[in-house]
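One file, protein_30.pdb, is given below (PDB, C-alpha atoms and all ligand atoms).
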```
ATOM      1  CA  MET A  12      -4.926   8.560 -33.081
ATOM      2  CA  LYS A  13      -5.065   9.815 -29.548
ATOM      3  CA  ASN A  14      -2.234   9.650 -27.082
ATOM      4  CA  THR A  15      -0.242   6.795 -28.515
ATOM      5  CA  PHE A  16       2.678   7.456 -26.183
ATOM      6  CA  SER A  17       0.436   7.028 -23.130
ATOM      7  CA  LEU A  18      -0.786   3.712 -24.437
ATOM      8  CA  LYS A  19       2.774   2.539 -25.074
ATOM      9  CA  VAL A  20       3.753   3.419 -21.505
ATOM     10  CA  LYS A  21       0.730   1.543 -20.150
ATOM     11  CA  ASP A  22       1.552  -1.390 -22.367
ATOM     12  CA  GLU A  23       5.075  -1.521 -21.004
ATOM     13  CA  LEU A  24       3.896  -1.208 -17.385
ATOM     14  CA  SER A  25       1.369  -3.968 -17.884
ATOM     15  CA  ARG A  26       4.107  -6.360 -18.939
ATOM     16  CA  LEU A  27       6.381  -5.743 -15.955
ATOM     17  CA  GLU A  28       7.124  -8.569 -13.565
ATOM     18  CA  PRO A  29       4.465  -8.548 -10.839
ATOM     19  CA  GLY A  30       6.966  -7.891  -8.011
ATOM     20  CA  ASN A  31       6.526  -8.323  -4.232
ATOM     21  CA  SER A  32       3.147  -9.180  -2.799
ATOM     22  CA  CYS A  33       3.093  -5.881  -0.852
ATOM     23  CA  CYS A  34       3.559  -4.063  -4.156
ATOM     24  CA  LEU A  35       0.812  -6.010  -5.907
ATOM     25  CA  ARG A  36      -1.684  -4.719  -3.376
ATOM     26  CA  SER A  37      -0.393  -1.154  -3.652
ATOM     27  CA  GLU A  38      -0.565  -1.202  -7.424
ATOM     28  CA  LEU A  39      -4.105  -2.533  -7.252
ATOM     29  CA  LEU A  40      -5.093   0.139  -4.712
ATOM     30  CA  GLY A  41      -3.653   2.870  -6.942
ATOM     31  CA  PHE A  42      -5.420   1.431  -9.964
ATOM     32  CA  LEU A  43      -8.810   1.146  -8.257
ATOM     33  CA  ARG A  44      -8.625   4.599  -6.708
ATOM     34  CA  ALA A  45      -7.766   6.098 -10.037
ATOM     35  CA  GLY A  46      -9.903   4.201 -12.453
ATOM     36  CA  ALA A  47     -12.714   2.443 -10.633
ATOM     37  CA  VAL A  48     -16.270   3.391  -9.814
ATOM     38  CA  LEU A  49     -17.997   2.031  -6.733
ATOM     39  CA  GLU A  50     -21.655   1.288  -7.369
ATOM     40  CA  VAL A  51     -23.922   0.900  -4.383
ATOM     41  CA  GLY A  52     -27.158  -0.878  -5.232
ATOM     42  CA  GLN A  53     -29.880  -2.623  -3.270
ATOM     43  CA  SER A  54     -28.244  -5.987  -3.601
ATOM     44  CA  GLY A  55     -24.870  -4.629  -2.481
ATOM     45  CA  ILE A  56     -21.810  -3.025  -3.955
ATOM     46  CA  GLN A  57     -19.885  -3.614  -7.116
ATOM     47  CA  VAL A  58     -16.713  -2.086  -8.449
ATOM     48  CA  ILE A  59     -16.123  -1.362 -12.117
ATOM     49  CA  ALA A  60     -12.997  -0.036 -13.765
ATOM     50  CA  THR A  61     -12.849   0.782 -17.454
ATOM     51  CA  THR A  62      -9.880   1.363 -19.701
ATOM     52  CA  GLU A  63      -9.176   1.600 -23.399
ATOM     53  CA  SER A  64      -6.072  -0.534 -23.083
ATOM     54  CA  PRO A  65      -6.375  -4.321 -23.337
ATOM     55  CA  SER A  66      -3.023  -4.723 -21.565
ATOM     56  CA  VAL A  67      -4.238  -2.678 -18.599
ATOM     57  CA  VAL A  68      -7.270  -4.913 -18.309
ATOM     58  CA  ARG A  69      -5.039  -7.988 -18.276
ATOM     59  CA  ARG A  70      -2.826  -6.371 -15.646
ATOM     60  CA  ALA A  71      -5.800  -5.535 -13.423
ATOM     61  CA  PHE A  72      -7.063  -9.096 -13.781
ATOM     62  CA  MET A  73      -3.655 -10.466 -12.806
ATOM     63  CA  LEU A  74      -3.437  -8.137  -9.773
ATOM     64  CA  LEU A  75      -6.864  -9.187  -8.547
ATOM     65  CA  LYS A  76      -6.183 -12.889  -9.076
ATOM     66  CA  ARG A  77      -2.880 -12.741  -7.196
ATOM     67  CA  THR A  78      -4.232 -10.793  -4.231
ATOM     68  CA  SER A  79      -7.688 -12.321  -3.791
ATOM     69  CA  SER A  80      -9.848 -15.305  -4.548
ATOM     70  CA  LEU A  81     -12.634 -13.084  -5.875
ATOM     71  CA  LYS A  82     -14.488 -13.706  -9.095
ATOM     72  CA  VAL A  83     -13.507 -11.115 -11.659
ATOM     73  CA  LYS A  84     -15.418 -10.406 -14.838
ATOM     74  CA  ILE A  85     -13.747  -8.899 -17.872
ATOM     75  CA  SER A  86     -15.769  -7.504 -20.727
ATOM     76  CA  CYS A  87     -15.337  -5.506 -23.877
ATOM     77  CA  GLU A  88     -17.877  -2.704 -23.848
ATOM     78  CA  PRO A  89     -19.695  -1.960 -27.094
ATOM     79  CA  ARG A  90     -18.933   1.751 -26.661
ATOM     80  CA  ARG A  91     -15.955   3.019 -28.567
ATOM     81  CA  ILE A  92     -13.901   6.048 -27.739
ATOM     82  CA  HIS A  93     -11.337   7.460 -30.121
ATOM     83  CA  ASN A  94     -11.414   4.214 -32.095
ATOM     84  CA  HIS A  95     -10.399   2.171 -29.083
ATOM     85  CA  ASN A  96     -12.656  -0.428 -27.540
ATOM     86  CA  LEU A  97     -13.510   0.140 -23.936
ATOM     87  CA  TYR A  98     -12.647  -2.750 -21.622
ATOM     88  CA  ALA A  99     -14.155  -3.241 -18.186
ATOM     89  CA  VAL A 100     -13.023  -5.114 -15.095
ATOM     90  CA  ARG A 101     -15.959  -5.886 -12.874
ATOM     91  CA  LEU A 102     -16.041  -7.046  -9.268
ATOM     92  CA  PHE A 103     -19.701  -7.828  -8.740
ATOM     93  CA  MET A 104     -21.290  -8.362  -5.332
ATOM     94  CA  GLN A 105     -19.979 -11.579  -3.809
ATOM     95  CA  PRO A 106     -18.951 -12.966  -0.449
ATOM     96  CA  GLY A 107     -15.652 -11.515   0.723
ATOM     97  CA  LEU A 108     -15.680  -8.502  -1.599
ATOM     98  CA  LYS A 109     -16.210  -5.818   1.054
ATOM     99  CA  GLU A 110     -13.695  -7.403   3.394
ATOM    100  CA  PHE A 111     -11.107  -7.578   0.637
ATOM    101  CA  LEU A 112     -11.649  -3.943  -0.373
ATOM    102  CA  LYS A 113     -11.399  -2.813   3.264
ATOM    103  CA  ARG A 114      -8.190  -4.763   3.814
ATOM    104  CA  LEU A 115      -6.786  -3.263   0.651
ATOM    105  CA  GLY A 116      -7.556   0.250   1.891
ATOM    106  CA  TYR A 117     -10.073   1.012  -0.859
ATOM    107  CA  LEU A 118     -13.134   1.002   1.383
ATOM    108  CA  ARG A 119     -13.470   2.435   4.871
ATOM    109  CA  SER A 120     -16.952   1.241   5.817
ATOM    110  CA  ASP A 121     -19.288  -0.917   3.757
ATOM    111  CA  THR A 122     -19.978   1.789   1.224
ATOM    112  CA  ASP A 123     -17.566   4.646   1.990
ATOM    113  CA  LEU A 124     -14.352   5.075   0.078
ATOM    114  CA  GLU A 125     -11.223   5.166   2.204
ATOM    115  CA  LYS A 126      -9.333   8.377   1.627
ATOM    116  CA  THR A 127      -6.310   8.136   3.834
ATOM    117  CA  VAL A 128      -4.414   4.887   3.360
ATOM    118  CA  ILE A 129      -1.233   5.406   1.397
ATOM    119  CA  PRO A 130       1.612   2.915   1.151
ATOM    120  CA  ARG A 131       4.574   3.364   3.505
ATOM    121  CA  LYS A 132       7.344   1.433   1.792
ATOM    122  CA  GLY A 133       9.248   2.914  -1.123
ATOM    123  CA  CYS A 134       8.639  -0.110  -3.355
ATOM    124  CA  CYS A 135       4.911   0.098  -2.674
ATOM    125  CA  ARG A 136       4.774   3.813  -3.348
ATOM    126  CA  ARG A 137       6.254   3.243  -6.781
ATOM    127  CA  ALA A 138       3.716   0.491  -7.327
ATOM    128  CA  TYR A 139       0.898   2.767  -6.144
ATOM    129  CA  LEU A 140       1.929   5.468  -8.631
ATOM    130  CA  ARG A 141       2.172   2.840 -11.355
ATOM    131  CA  GLY A 142      -1.344   1.620 -10.575
ATOM    132  CA  PHE A 143      -2.646   5.164 -10.514
ATOM    133  CA  PHE A 144      -1.069   5.919 -13.879
ATOM    134  CA  LEU A 145      -2.555   2.742 -15.339
ATOM    135  CA  GLY A 146      -5.970   3.726 -14.019
ATOM    136  CA  ALA A 147      -6.119   7.462 -14.683
ATOM    137  CA  GLY A 148      -2.821   8.675 -16.019
ATOM    138  CA  SER A 149      -1.912  10.053 -19.389
ATOM    139  CA  MET A 150       0.807  12.004 -21.074
ATOM    140  CA  THR A 151       0.958  13.972 -24.288
ATOM    141  CA  ASN A 152       3.056  12.660 -27.125
ATOM    142  CA  PRO A 153       6.452  14.212 -26.424
ATOM    143  CA  GLU A 154       6.696  15.341 -30.062
ATOM    144  CA  ARG A 155       4.014  17.889 -29.158
ATOM    145  CA  TYR A 156       4.886  19.155 -25.691
ATOM    146  CA  TYR A 157       5.651  17.789 -22.254
ATOM    147  CA  HIS A 158       2.714  17.101 -20.002
ATOM    148  CA  LEU A 159       1.912  14.122 -17.791
ATOM    149  CA  GLU A 160      -1.126  13.941 -15.565
ATOM    150  CA  LEU A 161      -2.926  11.806 -13.005
ATOM    151  CA  VAL A 162      -6.627  12.527 -12.584
ATOM    152  CA  THR A 163      -8.788  11.851  -9.553
ATOM    153  CA  GLY A 164     -12.156  12.922  -8.236
ATOM    154  CA  SER A 165     -10.791  13.400  -4.724
ATOM    155  CA  ARG A 166      -8.878  16.409  -3.450
ATOM    156  CA  LYS A 167      -7.375  14.255  -0.745
ATOM    157  CA  HIS A 168      -6.049  11.675  -3.205
ATOM    158  CA  ALA A 169      -4.593  14.508  -5.256
ATOM    159  CA  ALA A 170      -2.821  15.863  -2.171
ATOM    160  CA  HIS A 171      -1.477  12.373  -1.388
ATOM    161  CA  LEU A 172      -0.217  11.927  -4.909
ATOM    162  CA  ILE A 173       1.650  15.221  -4.683
ATOM    163  CA  ARG A 174       3.179  14.137  -1.373
ATOM    164  CA  ILE A 175       4.264  10.750  -2.684
ATOM    165  CA  LEU A 176       5.721  12.333  -5.811
ATOM    166  CA  ARG A 177       7.708  14.733  -3.654
ATOM    167  CA  VAL A 178       9.373  11.748  -1.963
ATOM    168  CA  PHE A 179      10.832  10.979  -5.383
ATOM    169  CA  ASP A 180      11.833  14.617  -5.809
ATOM    170  CA  LEU A 181       9.077  15.273  -8.324
ATOM    171  CA  HIS A 182       7.262  18.546  -7.870
ATOM    172  CA  ALA A 183       3.801  18.082  -9.266
ATOM    173  CA  ARG A 184       1.116  20.716  -9.358
ATOM    174  CA  ARG A 185      -2.622  20.444  -9.053
ATOM    175  CA  VAL A 186      -5.392  22.070 -11.015
ATOM    176  CA  GLU A 187      -9.147  21.580 -10.952
ATOM    177  CA  ARG A 188     -10.709  20.655 -14.274
ATOM    178  CA  LYS A 189     -14.451  19.974 -14.578
ATOM    179  CA  GLU A 190     -14.674  19.037 -10.895
ATOM    180  CA  ARG A 191     -11.793  16.600 -11.283
ATOM    181  CA  GLN A 192      -8.429  17.070  -9.620
ATOM    182  CA  VAL A 193      -5.576  16.974 -12.075
ATOM    183  CA  VAL A 194      -2.083  16.377 -10.693
ATOM    184  CA  TYR A 195       0.470  17.098 -13.372
ATOM    185  CA  LEU A 196       4.127  17.363 -14.288
ATOM    186  CA  LYS A 197       5.277  19.444 -17.208
ATOM    187  CA  GLU A 198       9.060  19.562 -17.004
ATOM    188  CA  GLY A 199      10.683  17.139 -19.418
ATOM    189  CA  ASP A 200      13.222  16.046 -16.767
ATOM    190  CA  GLU A 201      10.520  15.326 -14.225
ATOM    191  CA  ILE A 202       8.382  13.350 -16.636
ATOM    192  CA  ALA A 203      11.427  11.285 -17.555
ATOM    193  CA  ALA A 204      12.126  10.675 -13.847
ATOM    194  CA  PHE A 205       8.487   9.738 -13.212
ATOM    195  CA  LEU A 206       8.601   7.126 -15.957
ATOM    196  CA  THR A 207      11.633   5.596 -14.243
ATOM    197  CA  VAL A 208       9.967   5.695 -10.821
ATOM    198  CA  ILE A 209       6.962   3.717 -12.069
ATOM    199  CA  GLY A 210       9.195   1.260 -13.904
ATOM    200  CA  ALA A 211       8.644   2.335 -17.523
ATOM    201  CA  VAL A 212      12.334   2.241 -18.369
ATOM    202  CA  LYS A 213      11.968   1.566 -22.073
ATOM    203  CA  SER A 214       9.432   4.386 -22.447
ATOM    204  CA  ARG A 215      11.817   6.682 -20.652
ATOM    205  CA  LEU A 216      14.485   5.969 -23.245
ATOM    206  CA  ASP A 217      11.991   6.580 -26.064
ATOM    207  CA  PHE A 218      11.032   9.816 -24.372
ATOM    208  CA  GLU A 219      14.675  10.917 -24.153
ATOM    209  CA  ASN A 220      15.181  10.112 -27.825
ATOM    210  CA  VAL A 221      12.296  12.320 -28.829
ATOM    211  CA  ARG A 222      13.657  15.095 -26.642
ATOM    212  CA  VAL A 223      17.058  14.953 -28.288
ATOM    213  CA  VAL A 224      15.651  14.955 -31.820
ATOM    214  CA  LYS A 225      13.186  17.696 -30.937
ATOM    215  CA  GLY A 226      15.854  19.846 -29.325
ATOM    216  CA  VAL A 227      17.945  19.737 -32.478
ATOM    217  CA  ARG A 228      14.952  20.311 -34.746
ATOM    218  CA  ASN A 229      13.616  23.196 -32.682
ATOM    219  CA  HIS A 230      16.952  24.885 -32.784
ATOM    220  CA  VAL A 231      17.185  24.519 -36.544
ATOM    221  CA  ASN A 232      13.587  25.662 -36.997
ATOM    222  CA  ARG A 233      14.143  28.671 -34.828
ATOM    223  CA  VAL A 234      17.097  29.787 -36.884
ATOM    224  CA  VAL A 235      15.415  29.024 -40.189
ATOM    225  CA  ASN A 236      11.977  30.362 -39.366
ATOM    226  CA  CYS A 237      13.033  33.639 -37.881
ATOM    227  CA  GLU A 238      15.379  34.413 -40.713
ATOM    228  CA  THR A 239      13.137  33.540 -43.618
ATOM    229  CA  ALA A 240      11.570  36.471 -45.385
ATOM    230  CA  ASN A 241       8.229  34.792 -46.045
ATOM    231  CA  LEU A 242       6.916  34.229 -42.577
ATOM    232  CA  ASN A 243       3.343  33.424 -41.820
ATOM    233  CA  LYS A 244       1.526  35.477 -39.215
ATOM    234  CA  THR A 245       1.808  32.999 -36.367
ATOM    235  CA  VAL A 246       5.502  32.330 -36.821
ATOM    236  CA  LYS A 247       6.129  36.043 -37.186
ATOM    237  CA  ALA A 248       4.355  36.696 -33.895
ATOM    238  CA  ALA A 249       6.259  33.891 -32.138
ATOM    239  CA  CYS A 250       9.557  35.290 -33.422
ATOM    240  CA  ARG A 251       8.657  38.760 -32.222
ATOM    241  CA  GLN A 252       7.668  37.394 -28.799
ATOM    242  CA  LEU A 253      10.867  35.370 -28.524
ATOM    243  CA  GLY A 254      12.919  38.396 -29.474
ATOM    244  CA  ALA A 255      11.248  40.477 -26.778
ATOM    245  CA  ILE A 256      11.590  37.771 -24.135
ATOM    246  CA  ARG A 257      15.270  37.125 -24.912
ATOM    247  CA  PHE A 258      15.881  40.863 -24.709
ATOM    248  CA  LEU A 259      14.192  40.950 -21.269
ATOM    249  CA  VAL A 260      16.220  37.949 -20.092
ATOM    250  CA  GLY A 261      19.447  39.723 -21.021
ATOM    251  CA  ARG A 262      18.429  43.101 -19.753
ATOM    252  CA  VAL A 263      16.563  42.601 -16.458
ATOM    253  CA  GLY A 264      16.165  38.831 -16.057
ATOM    254  CA  LEU A 265      12.775  37.095 -16.005
ATOM    255  CA  ASP A 266      12.628  37.138 -12.213
ATOM    256  CA  ALA A 267      12.178  40.903 -12.297
ATOM    257  CA  LEU A 268       8.831  40.492 -14.063
ATOM    258  CA  PRO A 269       5.429  39.894 -12.459
ATOM    259  CA  GLN A 270       4.765  36.178 -11.858
ATOM    260  CA  PRO A 271       2.045  35.737 -14.550
ATOM    261  CA  LEU A 272       4.330  37.251 -17.185
ATOM    262  CA  GLN A 273       7.301  35.155 -16.065
ATOM    263  CA  GLU A 274       5.317  31.951 -16.499
ATOM    264  CA  VAL A 275       4.224  32.767 -20.014
ATOM    265  CA  ALA A 276       7.701  33.969 -20.950
ATOM    266  CA  ARG A 277       9.311  30.728 -19.741
ATOM    267  CA  LEU A 278       6.793  28.597 -21.611
ATOM    268  CA  ARG A 279       7.322  30.549 -24.813
ATOM    269  CA  LEU A 280      11.091  30.179 -24.511
ATOM    270  CA  GLU A 281      10.807  26.434 -23.970
ATOM    271  CA  GLN A 282       8.287  25.962 -26.749
ATOM    272  CA  PRO A 283       8.849  28.403 -29.575
ATOM    273  CA  GLU A 284       6.510  26.445 -31.819
ATOM    274  CA  ALA A 285       3.566  25.974 -29.472
ATOM    275  CA  THR A 286       0.305  27.707 -30.250
ATOM    276  CA  LEU A 287      -1.215  30.180 -27.792
ATOM    277  CA  LYS A 288      -3.804  27.573 -26.883
ATOM    278  CA  GLU A 289      -1.139  24.979 -26.078
ATOM    279  CA  LEU A 290       0.736  27.477 -23.929
ATOM    280  CA  GLY A 291      -2.454  28.424 -22.092
ATOM    281  CA  LEU A 292      -3.293  24.813 -21.251
ATOM    282  CA  GLN A 293      -0.014  24.425 -19.426
ATOM    283  CA  LEU A 294      -0.617  27.333 -17.079
ATOM    284  CA  ASP A 295      -1.984  26.783 -13.613
ATOM    285  CA  PRO A 296      -4.861  27.594 -13.754
ATOM    286  CA  PRO A 297      -5.131  27.192 -17.524
ATOM    287  CA  LEU A 298      -5.584  30.389 -19.491
ATOM    288  CA  GLY A 299      -7.457  31.002 -22.752
ATOM    289  CA  LYS A 300      -5.867  32.018 -26.013
ATOM    290  CA  SER A 301      -6.660  35.716 -25.609
ATOM    291  CA  GLY A 302      -5.308  35.750 -22.044
ATOM    292  CA  VAL A 303      -2.000  34.275 -23.221
ATOM    293  CA  ASN A 304      -1.901  36.714 -26.102
ATOM    294  CA  HIS A 305      -2.491  39.598 -23.698
ATOM    295  CA  ARG A 306       0.448  38.548 -21.489
ATOM    296  CA  LEU A 307       2.753  38.096 -24.456
ATOM    297  CA  ARG A 308       1.808  41.549 -25.706
ATOM    298  CA  ARG A 309       2.612  42.985 -22.257
ATOM    299  CA  LEU A 310       6.047  41.374 -22.480
ATOM    300  CA  GLU A 311       6.602  42.944 -25.876
ATOM    301  CA  GLU A 312       5.483  46.334 -24.572
ATOM    302  CA  ILE A 313       7.851  46.145 -21.611
ATOM    303  CA  ALA A 314      10.711  45.154 -23.893
ATOM    304  CA  ALA A 315       9.849  47.984 -26.294
ATOM    305  CA  GLY A 316       9.720  50.431 -23.383
ATOM    306  CA  LEU A 317      13.145  49.363 -22.158
ATOM    307  CA  LYS A 318      14.598  49.552 -25.651
ATOM    308  CA  ALA A 319      13.284  53.111 -26.036
ATOM    309  CA  GLN A 320      14.893  54.083 -22.735
ATOM    310  CA  GLN A 321      18.146  52.517 -23.803
ATOM    311  CA  LYS A 322      18.185  54.583 -26.982
ATOM    312  CA  LYS A 323      17.658  57.778 -25.018
ATOM    313  CA  VAL A 324      20.562  56.989 -22.708
ATOM    314  CA  PHE A 325      22.944  56.314 -25.555
ATOM    315  CA  ARG A 326      21.852  59.186 -27.747
TER     316      ARG A 326
HETATM  317 ZN    ZN B   1       6.167  -3.135  -1.824
END
```
File written out as structure tokens:
Amino acid sequence: MKNTFSLKVKDELSRLEPGNSCCLRSELLGFLRAGAVLEVGQSGIQVIATTESPSVVRRAFMLLKRTSSLKVKISCEPRRIHNHNLYAVRLFMQPGLKEFLKRLGYLRSDTDLEKTVIPRKGCCRRAYLRGFFLGAGSMTNPERYYHLELVTGSRKHAAHLIRILRVFDLHARRVERKERQVVYLKEGDEIAAFLTVIGAVKSRLDFENVRVVKGVRNHVNRVVNCETANLNKTVKAACRQLGAIRFLVGRVGLDALPQPLQEVARLRLEQPEATLKELGLQLDPPLGKSGVNHRLRRLEEIAAGLKAQQKKVFR
């Protein structure tokens, strides 16, 4: 099952009280910008947003009904992804559609997407982020590792998201993936704070619980794994890497190392159990397995070099 935590967060968000009317519009704008496609045909425009979450579809329907008198069509698409049905919200061509979308800030002209309007008020910014997460957000199950992302096709929207997040003291980064802009957070504390900002308070508590349990388990695993005689190759390598990195931390500090090595070293320290592939995916830009392996080997070499020097001095 894919991304169950994401779906739980979306489920919670979809059940929140609708809030102020200014916020309803902001949430809808965020949702449409993130998840909707504008189709321009001969007979006019239509807007379609798809999601695998039935609660998100209900939320979108509610937002549209409360902010407009437009006709909204909901359907369950026959296509299935990852064993979830795909639901669609459709705003087909009808009188008042363009005007509504322009007022909302989704459209600039009759067929051009507006790229600049972002909400001013704090409450609306939270709502905008919530809508965006509902439309194109996801996070990994925290049992695995910490990663939350918002995806958009527009560089400008990505830049806006980063700016809005900074208002809430969240320092997101951006990476391009298959011509999409991915704005992401990967610190556990920041993901927890983001969940609070968008109103997913219960999910935040669940997230914290996982972190506590995982912290304890990781610690125990680290002690057990590294001290067991029968280690498999991967664990052995991770132990060796950790040993080298901890030595470097104590001896010269990570800041003394070149930036690319620092990043990998920090990730390895935070996630002793992650595979090279998982570590690589969290780098900006992402790095393949062999690239991560190369950097970790460099770290081990540097540590070995320093240890050799140390021996000479004390001989
Ligand atoms: Zn508001």
Show me, as a count of residues only, the residues that have an atom within 9 Å of Phe258 in chain A when counting all atoms listed in the file, minus same-chain residues fewer than 5 positions from it. 5
Hey, which residues sit close to ligand ZN 1 (chain B)? Say within 12 Å, counting only C-alpha atoms and all ligand atoms, and write them as a PyMOL selection string. chain A and resi 29-39+129-141
Go ahead and save the picked residues with C-alpha atoms, as an mmCIF file, keeping the file's coordinate frame.
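part23.cif written:
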```cif
data_model
loop_
_atom_site.group_PDB
_atom_site.id
_atom_site.type_symbol
_atom_site.label_atom_id
_atom_site.label_comp_id
_atom_site.auth_asym_id
_atom_site.auth_seq_id
_atom_site.Cartn_x
_atom_site.Cartn_y
_atom_site.Cartn_z
ATOM 1 C CA PRO A 29 4.465 -8.548 -10.839
ATOM 2 C CA GLY A 30 6.966 -7.891 -8.011
ATOM 3 C CA ASN A 31 6.526 -8.323 -4.232
ATOM 4 C CA SER A 32 3.147 -9.180 -2.799
ATOM 5 C CA CYS A 33 3.093 -5.881 -0.852
ATOM 6 C CA CYS A 34 3.559 -4.063 -4.156
ATOM 7 C CA LEU A 35 0.812 -6.010 -5.907
ATOM 8 C CA ARG A 36 -1.684 -4.719 -3.376
ATOM 9 C CA SER A 37 -0.393 -1.154 -3.652
ATOM 10 C CA GLU A 38 -0.565 -1.202 -7.424
ATOM 11 C CA LEU A 39 -4.105 -2.533 -7.252
ATOM 12 C CA ILE A 129 -1.233 5.406 1.397
ATOM 13 C CA PRO A 130 1.612 2.915 1.151
ATOM 14 C CA ARG A 131 4.574 3.364 3.505
ATOM 15 C CA LYS A 132 7.344 1.433 1.792
ATOM 16 C CA GLY A 133 9.248 2.914 -1.123
ATOM 17 C CA CYS A 134 8.639 -0.110 -3.355
ATOM 18 C CA CYS A 135 4.911 0.098 -2.674
ATOM 19 C CA ARG A 136 4.774 3.813 -3.348
ATOM 20 C CA ARG A 137 6.254 3.243 -6.781
ATOM 21 C CA ALA A 138 3.716 0.491 -7.327
ATOM 22 C CA TYR A 139 0.898 2.767 -6.144
ATOM 23 C CA LEU A 140 1.929 5.468 -8.631
ATOM 24 C CA ARG A 141 2.172 2.840 -11.355
#
```
My list of candidates is A:Lys300, A:Glu23, A:Gly261, A:Leu43. Which is closest to Lys288 in chain A when distances are computed with all atoms listed in the file?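 Nearest to Lys288 in chain A: A:Lys300.
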Please enumerate the residues selected by the PyMOL selection byres (((chain A and resi 282-284) around 8) and not hetatm) when evaluated against the supplied file, formatted as a list in words.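 Listing what the PyMOL selection byres (((chain A and resi 282-284) around 8) and not hetatm) selects in the shown file: Tyr156, Asn229, Arg233, Val246, Ala249, Cys250, Leu253, Leu278, Arg279, Leu280, Glu281, Ala285 and Thr286 of chain A.
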Could those residues be written to a file, using C-alpha atoms, as a tab-separated table (two decimals), in the frame of the given file?
```
chain	number	residue	atom	x	y	z
A	156	TYR	CA	4.89	19.16	-25.69
A	229	ASN	CA	13.62	23.20	-32.68
A	233	ARG	CA	14.14	28.67	-34.83
A	246	VAL	CA	5.50	32.33	-36.82
A	249	ALA	CA	6.26	33.89	-32.14
A	250	CYS	CA	9.56	35.29	-33.42
A	253	LEU	CA	10.87	35.37	-28.52
A	278	LEU	CA	6.79	28.60	-21.61
A	279	ARG	CA	7.32	30.55	-24.81
A	280	LEU	CA	11.09	30.18	-24.51
A	281	GLU	CA	10.81	26.43	-23.97
A	285	ALA	CA	3.57	25.97	-29.47
A	286	THR	CA	0.30	27.71	-30.25
```
Suppose you want the space between CA of Val67 in chain A and CA of Ser17 in chain A; what is it in Å?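 CA of Ser17 in chain A lies at a distance of 11.7 Å from CA of Val67 in chain A.
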Each residue of range 17-74 of chain A with at least one atom at most 12 Å from range 162-181 of chain A should appear once, together with its nearest atom pair and the corresponding distance in Å (one decimal); atoms considered: all atoms listed in the file; ordering: chain, then increasing residue number; output as a tab-separated table.
```
residue	atom	partner	partner_atom	distance
A:Leu40	CA	A:His168	CA	11.7
A:Gly41	CA	A:His168	CA	9.9
A:Phe42	CA	A:Thr163	CA	11.0
A:Leu43	CA	A:Thr163	CA	10.8
A:Arg44	CA	A:Thr163	CA	7.8
A:Ala45	CA	A:Thr163	CA	5.9
A:Gly46	CA	A:Thr163	CA	8.3
A:Ala47	CA	A:Thr163	CA	10.3
A:Val48	CA	A:Gly164	CA	10.5
```
Near range 146-155 of chain A, within 7 Å and counting all atoms listed in the file, which residues show up once chain neighbours fewer than 2 positions away are dropped, as a PyMOL selection string? chain A and resi 14-17+42-43+45-46+142-144+157-162+218+221+225
One number please: CA of Gln293 in chain A to CA of Val186 in chain A, in Å, one decimal. 10.3 Å
Residue by residue, what does the PyMOL selection byres (((chain A and resi 81) around 10) and not hetatm) grab here? Present the result as a list in words. Leu75, Lys76, Arg77, Thr78, Ser79, Ser80, Lys82, Val83, Lys84, Leu102, Phe103, Met104, Gln105, Pro106, Gly107, Leu108 and Phe111 of chain A
Have a look at A:Leu27, A:Ala315, A:Val275, A:Val58 and name the one nearest to Leu292 in chain A; count all atoms listed in the file. A:Val275
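Rounded to one decimal, CA of Glu198 in chain A and CA of Arg26 in chain A lie 26.5 Å from each other.
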Could you spell out the hits of the PyMOL selection byres (((chain A and resi 306) around 10) and not hetatm) on the shown file, as number ranges by chain? A: 271-276, 301-305, 307-312
File dump, residues just selected, C-alpha atoms, as an mmCIF file, keeping the file's coordinate frame:
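The resulting file, again_16.cif, is shown below:
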```
data_model
loop_
_atom_site.group_PDB
_atom_site.id
_atom_site.type_symbol
_atom_site.label_atom_id
_atom_site.label_comp_id
_atom_site.auth_asym_id
_atom_site.auth_seq_id
_atom_site.Cartn_x
_atom_site.Cartn_y
_atom_site.Cartn_z
ATOM 1 C CA PRO A 271 2.045 35.737 -14.550
ATOM 2 C CA LEU A 272 4.330 37.251 -17.185
ATOM 3 C CA GLN A 273 7.301 35.155 -16.065
ATOM 4 C CA GLU A 274 5.317 31.951 -16.499
ATOM 5 C CA VAL A 275 4.224 32.767 -20.014
ATOM 6 C CA ALA A 276 7.701 33.969 -20.950
ATOM 7 C CA SER A 301 -6.660 35.716 -25.609
ATOM 8 C CA GLY A 302 -5.308 35.750 -22.044
ATOM 9 C CA VAL A 303 -2.000 34.275 -23.221
ATOM 10 C CA ASN A 304 -1.901 36.714 -26.102
ATOM 11 C CA HIS A 305 -2.491 39.598 -23.698
ATOM 12 C CA LEU A 307 2.753 38.096 -24.456
ATOM 13 C CA ARG A 308 1.808 41.549 -25.706
ATOM 14 C CA ARG A 309 2.612 42.985 -22.257
ATOM 15 C CA LEU A 310 6.047 41.374 -22.480
ATOM 16 C CA GLU A 311 6.602 42.944 -25.876
ATOM 17 C CA GLU A 312 5.483 46.334 -24.572
#
```
Give me the residues within 12 Å of Ser120 in chain A as a list in words, counting all atoms listed in the file and dropping any in the same chain fewer than 4 places off.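 Non-adjacent residues within range: Ile56, Lys109, Glu110, Phe111, Leu112, Lys113, Arg114, Gly116, Leu124, Glu125 and Lys126 of chain A.
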With distances taken over all atoms listed in the file, which residue among A:Ile313, A:Lys244, A:Pro297, A:Lys197 lies nearest Leu268 in chain A? A:Ile313
Contacts of Arg184 in chain A within 8 Å, all atoms listed in the file, excl. fewer than 3 positions in-chain, as a PyMOL selection string: chain A and resi 173+194-196
With only C-alpha atoms as the basis for distance, which of A:Ala255, A:Val20, A:Gly52, A:Leu287 is at the shortest distance from Ile202 in chain A?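 Looking at the shortest contact to Ile202 in chain A, the residue is A:Val20.
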